[in-house]
Amino acid sequence: MRDLIRESTLLFFSSLSVAIICIVAIFGPFFAPDPLEQDIINSLLPPFSQGHIFGTDPLGRDIFSRIVSGARVSLIVSLLGMIGSLTVGTIMGLVSGARNQWIAWGSDRLIDIQMAFPYILLAIVIVSATTASIPVLIFLMVLAGWASAARVIRSIVLSEQPKDYVKAASLVGATQKRILVKYIGPTLIPAIFTIAPLQASAMIVMEATLSFLGLGVQPPTPSWGGMLLEGKIYLSEAWWLTTIPGIAIAITCASLIGVGEGLSIKLRGDRSRRIDPSKTENSSLKGSAKL
Amino acid sequence: MRYFFSRVAQSLVIISGITVSVFFMLRFTAGDPARIRGNIYATNEVLEEYRRQFGTDRTVAEQFYSFIKGVIRGNLGDSFRYQQPVTELVLPALRNTMLLGFMALLISITFAIILGTMSARNPNGLVARASGVIAVFGQSAPLFWVGLLLINIFALKLGWLPSGGLTDWKNLVLPSMTLALSILPSQMRVLAASVKAEMDEDYVRTAHAFGLSSKKVYFIHVLRNACLPLLTVIGNDMGVLLGGSIVAEVVFNFPGIGTLALVGLNARDYPLLQGVTIVAASTFVLINLIVDLLYTVMNPRVRLGISK
Amino acid sequence: MTKLLSIINLTISLEGRPNTSPIVQNLNLEVSAGEVLGIVGESGSGKSLTGLSILNMLPKGVYISAGQILADGKDITRSEENKLRTYRGQLFSIVFQDPGAALNPSRTVGKLLSDVARAHEKSSKRDIRKKSIGILKDVGFPSPEERLKSFPFQLSGGLRQRVAIAMALINRPKILIADEPTTSLDVSVQKGILDLIRKRTIKDRIGCIFISHDLGVIAEVADKVIIMYSGQVVEQGPTASVLTNPKHPYTRGLIASAPSMKSSLAKPLKPIPGNLPPVGRTPSGCAFQDRCPEKVFGACNAANPTWFNDSNDQSHRWLCHSEVEK
C-alpha cells in the first residue's frame with residue numbers, strides 16, 4: 001500500500017503542477033494587463049512594486065503578464081513541436097522494424113546521425129536560409145526531437161517482433177504494415193504516453209534556447225527565451241528580468257519530467273509481478289546454487 | 001584495420017556532404033549578397049562591382065568549382081563583414097571553443113565518476129540523493145539560464161570570477177562549469193547503472209574470493225568495465241557540447257565558434273557562416289570518429305573480433 | 001593424516017526470521033590433506049552455502065548462527081575481515097560453477113593470474129610471469145607462454161575452467177572448494193577437469209571439498225562423501241561404501257533415480273516423488289519424512305532422527321529412526 005502511494009505521489013503532484021501552468025497560460029492573459037503595453041516611465045521596476053507583482057522590463061511592460069502570455073506561446077509551440085516530433089518519431093521507429101533490411105538500416109542510420117548532430121548549428125543554417133518565424137521554429141524542433149522518440153519506439157518494436165503473436169499474424173498473411181500498425185501499434189501507446197511529457201519538456205527548453213539566440217519567437221511577441229535574451233544586458237541591475245522567466249522554465253520542465261517519470265513508474269508497476277516473500281529467500285542464495 | 005579505413009572514409013563522405021549541402025543551401029535560398037553588402041542607395045555599377053568581388057556574377061557551377069578548389073587549398077573565402085579570410089577568423093574561434101569543451105568534458109567526467117561511484121555503492125545515501133537532484137536540475141534547467149544564474153551569483157554578487165570575454169584562465173571557469181552541468185546528468189546515470197551492474201557480476205565475487213582488497217576489486221574490475229558504456233555516452237555528448245557551447249558563448253560573451261556563427265547569421269555574412277558551419281561540423285565528425293575508434297580499441301572483444 | 005578443515009556443528013540461518021528453521025543445521029565434516037570430500041544434494045539443500053561459509057562470503061541476509069570452522073587450526077568463524085582477506089586465496093580457495101562468468105572478460109589470462117598473485121604479496125613482474133606459466137602448466141593448459149595474452153572469450157569452456165583453477169591454486173592454498181566446477185561443461189571435458197582436481201589435490205596435499213549434484217561425478221573424484229538433504233547431513237562415509245551400500249532412503253532414492261551407462265536400459269528411472277521442504281520450513285522430526293518410502297508414522301514425525309553406524313565400516317553413518325527397517 002505504501003508503495004502504491006509512493007508511486008502515485010510523483011505523478012499526482014507533477015500533473016497538478018502542469019495543470020496549474022496550463023490553466024494560467026490559457027486563462028491568465030484575460031486577467032493580466034496587456035503584455036505589449038509599454039510604459040517607459042515605469043520601466044525596470046523590481047518585483048512587488050505597485051501594480052506589478054513581478055516588476056517591469058526595460059520598456060515598462062509588466063513582467064507578470066509577459067510571463068503568462070509567454071507561457072501561452074511557449075506551451076503551444078512546444079506542444080505542436082512535441083506532437084510533430086512524436087508523429088515523425090513513431091513512424092520512423094516503426095519503419096526501423098521493417099523486415100526489409102535496407103529500409104530498416106537506412107532508418108537506423110538516419111536516427112543515429114540526427115541524434116548525434118547538434119541541432120543549434122543546424123538551426124543557425126536553416127534560419128539563415130529562411131527566416132526566423134514560428135513555423136520554422138516548430139519545424140526545427142521536430143527536426144531536433146524526432147530521433148529520441150524514434151529510438152524508444154524502435155526498441156519496443158524490435159523487442160515485440162520475435163514474439164509469437166507477431167509470428168502468428170504473419171503466418172495468417174498479414175502484411176508488414178498491418179502487423180506494425182494494428183498489432184505492435186497498441187503496445188506502443190503506453191510508451192508514447194511516457195515519452196510525451198519528456199519530449200514536451202525538451203521542447204520547452206529548445207524553444208527557450210532558440211528564442212534566446214534570436215532564432216525562435218521574434219519580439220515583440222513575448223516568450224520566455226526571448227525575455228531572457230532581453231534581460232541579459234541588465235543582468236547586474238535587474239536580476240528579475242532573467243531569473244523569473246528562468247524559474248518559470250525550470251518549474252515547467254521539472255513538472256513535465258515528473259509527469260513522465262511518474263507515468264513510467266506507474267505503468268511499469270502494473271506489469272511487474274508481485275514478489276512472493278517466501279520465494280525471495282531462495283533467490284538470495286545466489287551464484288553457486290544455480291542449477 | 002578494415003573497420004578503421006571504412007570509418008575514416010565514411011567520415012570524409014559525411015564532411016563532403018555537409019560542405020556541399022551548406023554551400024548550395026546558402027547560395028540558393030539567401031538573398032543577393034551584393035545587395036546586402038551595399039546599402040539601399042547603391043547604384044547598379046556598385047552592385048556589379050560587389051558581385052564581381054564576391055564572385056556571384058558567375059554561374060553557380062563556376063562558383064561551386066572555385067569554391068571546391070579553394071577548400072582543398074584551405075581557403076574558405078573572405079568574410080563580407082570583416083574583409084578577412086574566413087580561415088583567419090574561424091581557426092582561433094575553433095581553438096577557443098574546443099578548449100572550453102575540453103574543460104567541460106574533464107569536469108563532467110570527473111564528477112560523473114566520483115558521484116556515480118558513490119551513488120552506486122550507497123544508493124540511499126546522501127550523495128546519491130543529492131546527485132539525483134543535481135541530475136534533474138541539470139536536465140530541466142536550460143543551459144543559458146544556469147549560465148546566467150552562475151554569472152549572477154559568482155560574478156556579480158560575489159565578484160570572484162569574471163562574467164565574460166577571454167582574457168585569462170578565470171574566464172573559462174564559469175562557462176565550462178555550465179556546460180559540464182548539461183552533460184553531467186546522463187553521464188552520472190549511465191555510470192551509476194553500469195557500476196551497479198558490474199558489482200553484481202560473478203567475476204567481482206571471484207576477485208573477492210581470492211582475497212583482493214575491495215579497493216583493487218573496484219578499480220581494476222568494476223570501474224574499468226563500467227567505463228565502456230560511459231564512452232558511448234561521451235560520444236553522444238560531443239554533439240550536446242557543441243550545441244551547448246554556442247549558447248554558453250552567447251551568455252558569457254566568449255569568443256568562440258558559436259558567437260562567430262551568430263555574427264555571420266545576423267550580418268548575412270555568407271562566407272563566414274559557411275566557413276563556420278563547415279569547420280564546426282567537420283570537427284564534430286572527426287571527434288566522433290576518434291571516439292568510435294577509441295571505443296574499438298578499448299573493447300577487447302571488438303578489437304580482436306575485427307582483426308581475426 | 002593432517003586434518004586441514006574441520007566444520008563443527010555449523011548452523012546457517014536467515015537474518016531477521018527467528019521462527020524459520022535454519023538453512024543448514026548442525027553440519028559436521030572433516031577434510032584431510034590429499035583427500036577429496038564430496039558434498040551431494042539437490043539444489044536448495046544448502047551444499048553451496050556450506051562452501052561459501054568457509055570463505056565467509058555468504059550472501060546478504062544469511063549468516064553463521066552457530067558452530068565453528070577450523071581451517072588449518074585457525075578458527076575462521078571468529079576472524080575479522082582483514083584476517084579473512086589474507087586467508088582467501090592463500091589458505092583456502094574456491095572454483096565456481098560458471099567459468100565464463102567468473103573471469104573478467106576484459107582482462108587477459110596473464111593479468112587475471114597476476115591480479116591474484118599480487119593480491120597478497122608484492123613480486124616482480126618476472127616472478128609473477130614465471131609463477132603464472134608454472135601454474136598453467138600444472139593445470140594442463142596448453143602452450144601457456146603464448147596464451148597469457150588471450151582473453152577469456154577466446155577460450156573454450158574447459159580451458160576457462162582450467163584458468164579458474166589456476167587462479168585458485170596460484171597462491172598454493174591448503175583448502176580448495178570446488179562448487180559444481182564441471183556442471184556447465186561438456187561431458188567430454190568434464191573428465192579432464194575431474195582428473196586435474198584429483199591430481200592436484202593429491203600432489204599438492206590439498207584438502208578439497210567437491211560440491212555436486214551429480215553422483216557420477218562424485219563417484220569419480222571423491223574419497224569420502226556427505227549427502228545433504230534440506231540443510232542436514234543425512235548420510236556420510238567413504239564414497240565406495242555409501243554408493244554401493246546406501247543406507248538412508250534418500251541416498252537410495254538418489255542412486256535409483258540417477259541415469260548411468262551401466263544400468264540396464266530396460267529398467268525405468270525411479271525419481272523421488274515430492275519436493276524439498278521450502279527454505280526455513282523444515283518439518284519437525286525427520287526432514288525427509290514426506291518423501292520417504294519407508295516412513296514409519298509415529299516415529300519419523302515425532303522425534304528427531306539419530307545416527308546409526310554401519311557394522312562393517314565405522315566411518316559410514318546415517319540418520320534415521322530405529323523403527324525403520326534397515
# chains A, B, ... in the order shown; residues from 1 in each chain; ligands from 1
>>> closest_atom_pairs(of="chain A", to="chain B", cutoff="8 Å", atoms="only C-alpha atoms", output="Markdown table")
| residue | atom | partner | partner_atom | distance |
| --- | --- | --- | --- | --- |
| A:Met115 | CA | B:Asn236 | CA | 7.8 |
| A:Ala116 | CA | B:Gly239 | CA | 5.5 |
| A:Phe117 | CA | B:Gly239 | CA | 5.5 |
| A:Pro118 | CA | B:Gly239 | CA | 4.8 |
| A:Tyr119 | CA | B:Gly243 | CA | 6.6 |
| A:Ile120 | CA | B:Gly243 | CA | 5.3 |
| A:Leu121 | CA | B:Gly243 | CA | 6.5 |
| A:Ile124 | CA | B:Leu265 | CA | 7.0 |
| A:Val125 | CA | B:Thr277 | CA | 7.7 |
| A:Ser128 | CA | B:Leu265 | CA | 5.8 |
| A:Ala129 | CA | B:Thr29 | CA | 5.3 |
| A:Thr130 | CA | B:Thr29 | CA | 6.8 |
| A:Ser201 | CA | B:Ser140 | CA | 7.4 |
| A:Ala202 | CA | B:Ser140 | CA | 7.8 |
| A:Val205 | CA | B:Pro142 | CA | 5.6 |
| A:Ala208 | CA | B:Pro142 | CA | 7.7 |
| A:Thr209 | CA | B:Pro142 | CA | 7.2 |
| A:Leu213 | CA | B:Val247 | CA | 7.2 |
| A:Leu228 | CA | B:Trp145 | CA | 7.9 |
| A:Lys232 | CA | B:Leu148 | CA | 7.7 |
| A:Leu235 | CA | B:Asn152 | CA | 7.1 |
| A:Ser236 | CA | B:Leu156 | CA | 6.4 |
| A:Trp239 | CA | B:Asn152 | CA | 7.7 |
| A:Thr242 | CA | B:Leu148 | CA | 7.6 |
| A:Thr243 | CA | B:Leu149 | CA | 7.3 |
| A:Gly246 | CA | B:Trp145 | CA | 5.7 |
| A:Ile249 | CA | B:Ala141 | CA | 7.1 |
| A:Ala250 | CA | B:Ala141 | CA | 4.9 |
| A:Cys253 | CA | B:Ser140 | CA | 5.2 |
| A:Ala254 | CA | B:Ser140 | CA | 5.7 |
| A:Ile257 | CA | B:Ser140 | CA | 7.8 |
| A:Gly287 | CA | B:Asp202 | CA | 7.5 |
>>> write_last_selection(atoms="N, CA and C atoms", output="mmCIF file, in the first residue's frame")
data_model
loop_
_atom_site.group_PDB
_atom_site.id
_atom_site.type_symbol
_atom_site.label_atom_id
_atom_site.label_comp_id
_atom_site.auth_asym_id
_atom_site.auth_seq_id
_atom_site.Cartn_x
_atom_site.Cartn_y
_atom_site.Cartn_z
ATOM 1 N N MET A 115 20.605 12.007 -34.024
ATOM 2 C CA MET A 115 20.821 12.065 -32.579
ATOM 3 C C MET A 115 22.150 12.692 -32.255
ATOM 4 N N ALA A 116 23.123 12.450 -33.090
ATOM 5 C CA ALA A 116 24.448 12.932 -32.757
ATOM 6 C C ALA A 116 24.628 14.407 -33.112
ATOM 7 N N PHE A 117 23.957 14.855 -34.150
ATOM 8 C CA PHE A 117 24.256 16.185 -34.667
ATOM 9 C C PHE A 117 23.667 17.284 -33.793
ATOM 10 N N PRO A 118 24.436 18.320 -33.503
ATOM 11 C CA PRO A 118 23.936 19.396 -32.656
ATOM 12 C C PRO A 118 22.912 20.242 -33.398
ATOM 13 N N TYR A 119 21.742 20.344 -32.814
ATOM 14 C CA TYR A 119 20.648 20.964 -33.562
ATOM 15 C C TYR A 119 20.793 22.466 -33.691
ATOM 16 N N ILE A 120 21.539 23.055 -32.782
ATOM 17 C CA ILE A 120 21.654 24.516 -32.828
ATOM 18 C C ILE A 120 22.391 24.962 -34.082
ATOM 19 N N LEU A 121 23.415 24.191 -34.405
ATOM 20 C CA LEU A 121 24.163 24.525 -35.611
ATOM 21 C C LEU A 121 23.260 24.458 -36.833
ATOM 22 N N ILE A 124 20.924 27.365 -36.967
ATOM 23 C CA ILE A 124 21.532 28.599 -37.478
ATOM 24 C C ILE A 124 21.519 28.591 -38.996
ATOM 25 N N VAL A 125 21.918 27.465 -39.557
ATOM 26 C CA VAL A 125 21.979 27.390 -41.010
ATOM 27 C C VAL A 125 20.597 27.528 -41.630
ATOM 28 N N SER A 128 19.166 30.972 -41.318
ATOM 29 C CA SER A 128 19.818 31.902 -42.237
ATOM 30 C C SER A 128 19.324 31.679 -43.652
ATOM 31 N N ALA A 129 18.941 30.476 -43.943
ATOM 32 C CA ALA A 129 18.442 30.200 -45.284
ATOM 33 C C ALA A 129 16.999 30.639 -45.448
ATOM 34 N N THR A 130 16.257 30.638 -44.386
ATOM 35 C CA THR A 130 14.865 31.101 -44.447
ATOM 36 C C THR A 130 14.737 32.333 -43.568
ATOM 37 N N SER A 201 9.019 18.576 -22.386
ATOM 38 C CA SER A 201 9.985 19.303 -21.567
ATOM 39 C C SER A 201 11.187 19.716 -22.395
ATOM 40 N N ALA A 202 11.679 18.783 -23.198
ATOM 41 C CA ALA A 202 12.825 19.116 -24.034
ATOM 42 C C ALA A 202 12.467 20.219 -25.032
ATOM 43 N N VAL A 205 12.619 23.644 -23.454
ATOM 44 C CA VAL A 205 13.999 24.115 -23.351
ATOM 45 C C VAL A 205 14.513 24.535 -24.721
ATOM 46 N N ALA A 208 13.060 27.828 -25.728
ATOM 47 C CA ALA A 208 13.688 28.907 -24.966
ATOM 48 C C ALA A 208 15.083 29.185 -25.488
ATOM 49 N N THR A 209 15.814 28.123 -25.742
ATOM 50 C CA THR A 209 17.175 28.315 -26.225
ATOM 51 C C THR A 209 17.191 29.011 -27.570
ATOM 52 N N LEU A 213 18.629 32.764 -28.600
ATOM 53 C CA LEU A 213 19.634 33.079 -29.601
ATOM 54 C C LEU A 213 19.083 33.961 -30.710
ATOM 55 N N LEU A 228 14.577 36.213 -21.676
ATOM 56 C CA LEU A 228 15.920 36.028 -21.140
ATOM 57 C C LEU A 228 16.955 36.767 -21.981
ATOM 58 N N LYS A 232 19.288 39.850 -20.519
ATOM 59 C CA LYS A 232 20.692 39.532 -20.285
ATOM 60 C C LYS A 232 21.536 40.786 -20.069
ATOM 61 N N LEU A 235 21.657 42.315 -16.533
ATOM 62 C CA LEU A 235 21.886 41.309 -15.514
ATOM 63 C C LEU A 235 22.287 41.897 -14.166
ATOM 64 N N SER A 236 23.151 42.898 -14.204
ATOM 65 C CA SER A 236 23.657 43.397 -12.932
ATOM 66 C C SER A 236 22.649 44.294 -12.227
ATOM 67 N N TRP A 239 17.968 41.837 -11.836
ATOM 68 C CA TRP A 239 18.069 40.382 -11.833
ATOM 69 C C TRP A 239 16.736 39.707 -12.168
ATOM 70 N N THR A 242 15.777 38.180 -15.792
ATOM 71 C CA THR A 242 16.226 36.870 -16.246
ATOM 72 C C THR A 242 15.821 35.757 -15.295
ATOM 73 N N THR A 243 15.854 36.027 -13.996
ATOM 74 C CA THR A 243 15.598 34.950 -13.048
ATOM 75 C C THR A 243 14.164 34.436 -13.142
ATOM 76 N N GLY A 246 13.430 32.277 -16.104
ATOM 77 C CA GLY A 246 14.207 31.058 -15.921
ATOM 78 C C GLY A 246 13.539 30.113 -14.940
ATOM 79 N N ILE A 249 10.625 28.473 -16.610
ATOM 80 C CA ILE A 249 11.035 27.373 -17.485
ATOM 81 C C ILE A 249 11.392 26.152 -16.663
ATOM 82 N N ALA A 250 12.187 26.383 -15.605
ATOM 83 C CA ALA A 250 12.651 25.244 -14.816
ATOM 84 C C ALA A 250 11.493 24.513 -14.165
ATOM 85 N N CYS A 253 9.555 22.566 -16.817
ATOM 86 C CA CYS A 253 10.286 21.368 -17.239
ATOM 87 C C CYS A 253 10.279 20.301 -16.177
ATOM 88 N N ALA A 254 10.571 20.711 -14.939
ATOM 89 C CA ALA A 254 10.635 19.715 -13.872
ATOM 90 C C ALA A 254 9.283 19.039 -13.707
ATOM 91 N N ILE A 257 8.848 16.586 -16.541
ATOM 92 C CA ILE A 257 9.684 15.404 -16.330
ATOM 93 C C ILE A 257 9.077 14.541 -15.238
ATOM 94 N N GLY A 287 24.321 -17.419 -7.109
ATOM 95 C CA GLY A 287 25.585 -17.956 -7.600
ATOM 96 C C GLY A 287 25.608 -19.450 -7.656
#
>>> residues_around(residues="C:Ile202", least_positions_apart="5", cutoff="9 Å", atoms="only C-alpha atoms", output="PyMOL selection string")
chain C and resi 33-36+197+207
>>> residues_around(residues="A:Met203", least_positions_apart="4", cutoff="12 Å", atoms="only C-alpha atoms", output="VMD selection string")
(chain A and resid 74 to 86 137 to 146 196 to 199 207 to 211 225 249 252 to 253 256 to 257) or (chain B and resid 140 142)
>>> select_by_dssp(residues="stretch 75-179 of chain A", states="helix (DSSP H, G or I)", output="JSON, numbers by chain")
{"A": [75, 76, 77, 78, 79, 80, 81, 82, 83, 84, 85, 86, 87, 88, 89, 90, 91, 92, 93, 94, 95, 96, 101, 102, 103, 104, 105, 106, 107, 108, 109, 110, 111, 112, 113, 114, 115, 116, 119, 120, 121, 122, 123, 124, 125, 126, 127, 128, 129, 134, 135, 136, 137, 138, 139, 140, 141, 142, 143, 144, 145, 146, 147, 148, 149, 150, 151, 152, 153, 154, 155, 156, 157, 158, 159, 160, 164, 165, 166, 167, 168, 169, 170, 171, 172, 176, 177, 178, 179]}
>>> residues_around(residues="A:Val95", least_positions_apart="5", cutoff="9 Å", atoms="only C-alpha atoms", output="ChimeraX atom specification")
/A:90,103-104,107-108,154,180
>>> closest_residue(among="C:Ser79, C:Ser21, C:Ser93, C:Thr183", to="chain A", atoms="only C-alpha atoms")
C:Thr183
>>> closest_atom_pairs(of="chain C", to="chain A", cutoff="9 Å", atoms="only C-alpha atoms", output="Markdown table")
| residue | atom | partner | partner_atom | distance |
| --- | --- | --- | --- | --- |
| C:Leu14 | CA | A:Glu281 | CA | 8.2 |
| C:Glu42 | CA | A:Leu291 | CA | 8.8 |
| C:Ser43 | CA | A:Ala289 | CA | 6.2 |
| C:Gly44 | CA | A:Ala289 | CA | 6.8 |
| C:Gly46 | CA | A:Ala289 | CA | 8.2 |
| C:Lys47 | CA | A:Ala289 | CA | 8.1 |
| C:Ser48 | CA | A:Ser288 | CA | 5.8 |
| C:Leu49 | CA | A:Leu285 | CA | 7.5 |
| C:Leu52 | CA | A:Ser288 | CA | 8.8 |
| C:Leu58 | CA | A:Leu285 | CA | 8.5 |
| C:Pro59 | CA | A:Leu285 | CA | 6.6 |
| C:Lys60 | CA | A:Ser284 | CA | 7.3 |
| C:Gly61 | CA | A:Ser284 | CA | 7.9 |
| C:Val62 | CA | A:Ser284 | CA | 8.5 |
| C:Phe96 | CA | A:Ser288 | CA | 6.8 |
| C:Gln97 | CA | A:Ser288 | CA | 6.3 |
| C:Asp98 | CA | A:Ser288 | CA | 8.5 |
| C:Asp179 | CA | A:Ser288 | CA | 6.5 |
| C:Glu180 | CA | A:Ser288 | CA | 7.4 |
| C:Thr183 | CA | A:Leu291 | CA | 8.4 |
| C:His213 | CA | A:Leu291 | CA | 8.8 |
| C:Pro278 | CA | A:Ser278 | CA | 8.1 |
| C:Val279 | CA | A:Asn282 | CA | 7.0 |
| C:Gly280 | CA | A:Glu281 | CA | 8.7 |
>>> interface_residues(of="chain C", to="chain B", cutoff="6 Å", atoms="only C-alpha atoms", output="PyMOL selection string")
chain C and resi 85+88-89+101-104+119
>>> write_last_selection(atoms="C-alpha atoms", output="PDB file, in the first residue's frame")
ATOM      1  CA  ARG C  85      41.016 -11.424   3.381  1.00  0.00           C
ATOM      2  CA  ARG C  88      41.135 -16.036   0.943  1.00  0.00           C
ATOM      3  CA  GLY C  89      43.242 -17.291  -1.884  1.00  0.00           C
ATOM      4  CA  ALA C 101      31.135 -15.509 -15.626  1.00  0.00           C
ATOM      5  CA  ALA C 102      33.913 -15.894 -13.096  1.00  0.00           C
ATOM      6  CA  LEU C 103      36.618 -14.464 -15.350  1.00  0.00           C
ATOM      7  CA  ASN C 104      36.609 -10.760 -16.077  1.00  0.00           C
ATOM      8  CA  ALA C 119      46.732  -9.749  -4.001  1.00  0.00           C
TER       9      ALA C 119
END
>>> residues_around(residues="stretch 107-116 of chain B", least_positions_apart="4", cutoff="6 Å", atoms="only C-alpha atoms", output="PyMOL selection string")
chain B and resi 180+184+187-188+191-192
>>> closest_residue(among="A:Pro162, A:Ser65, A:Ile265, A:Gly214", to="B:Val263", atoms="only C-alpha atoms")
A:Gly214
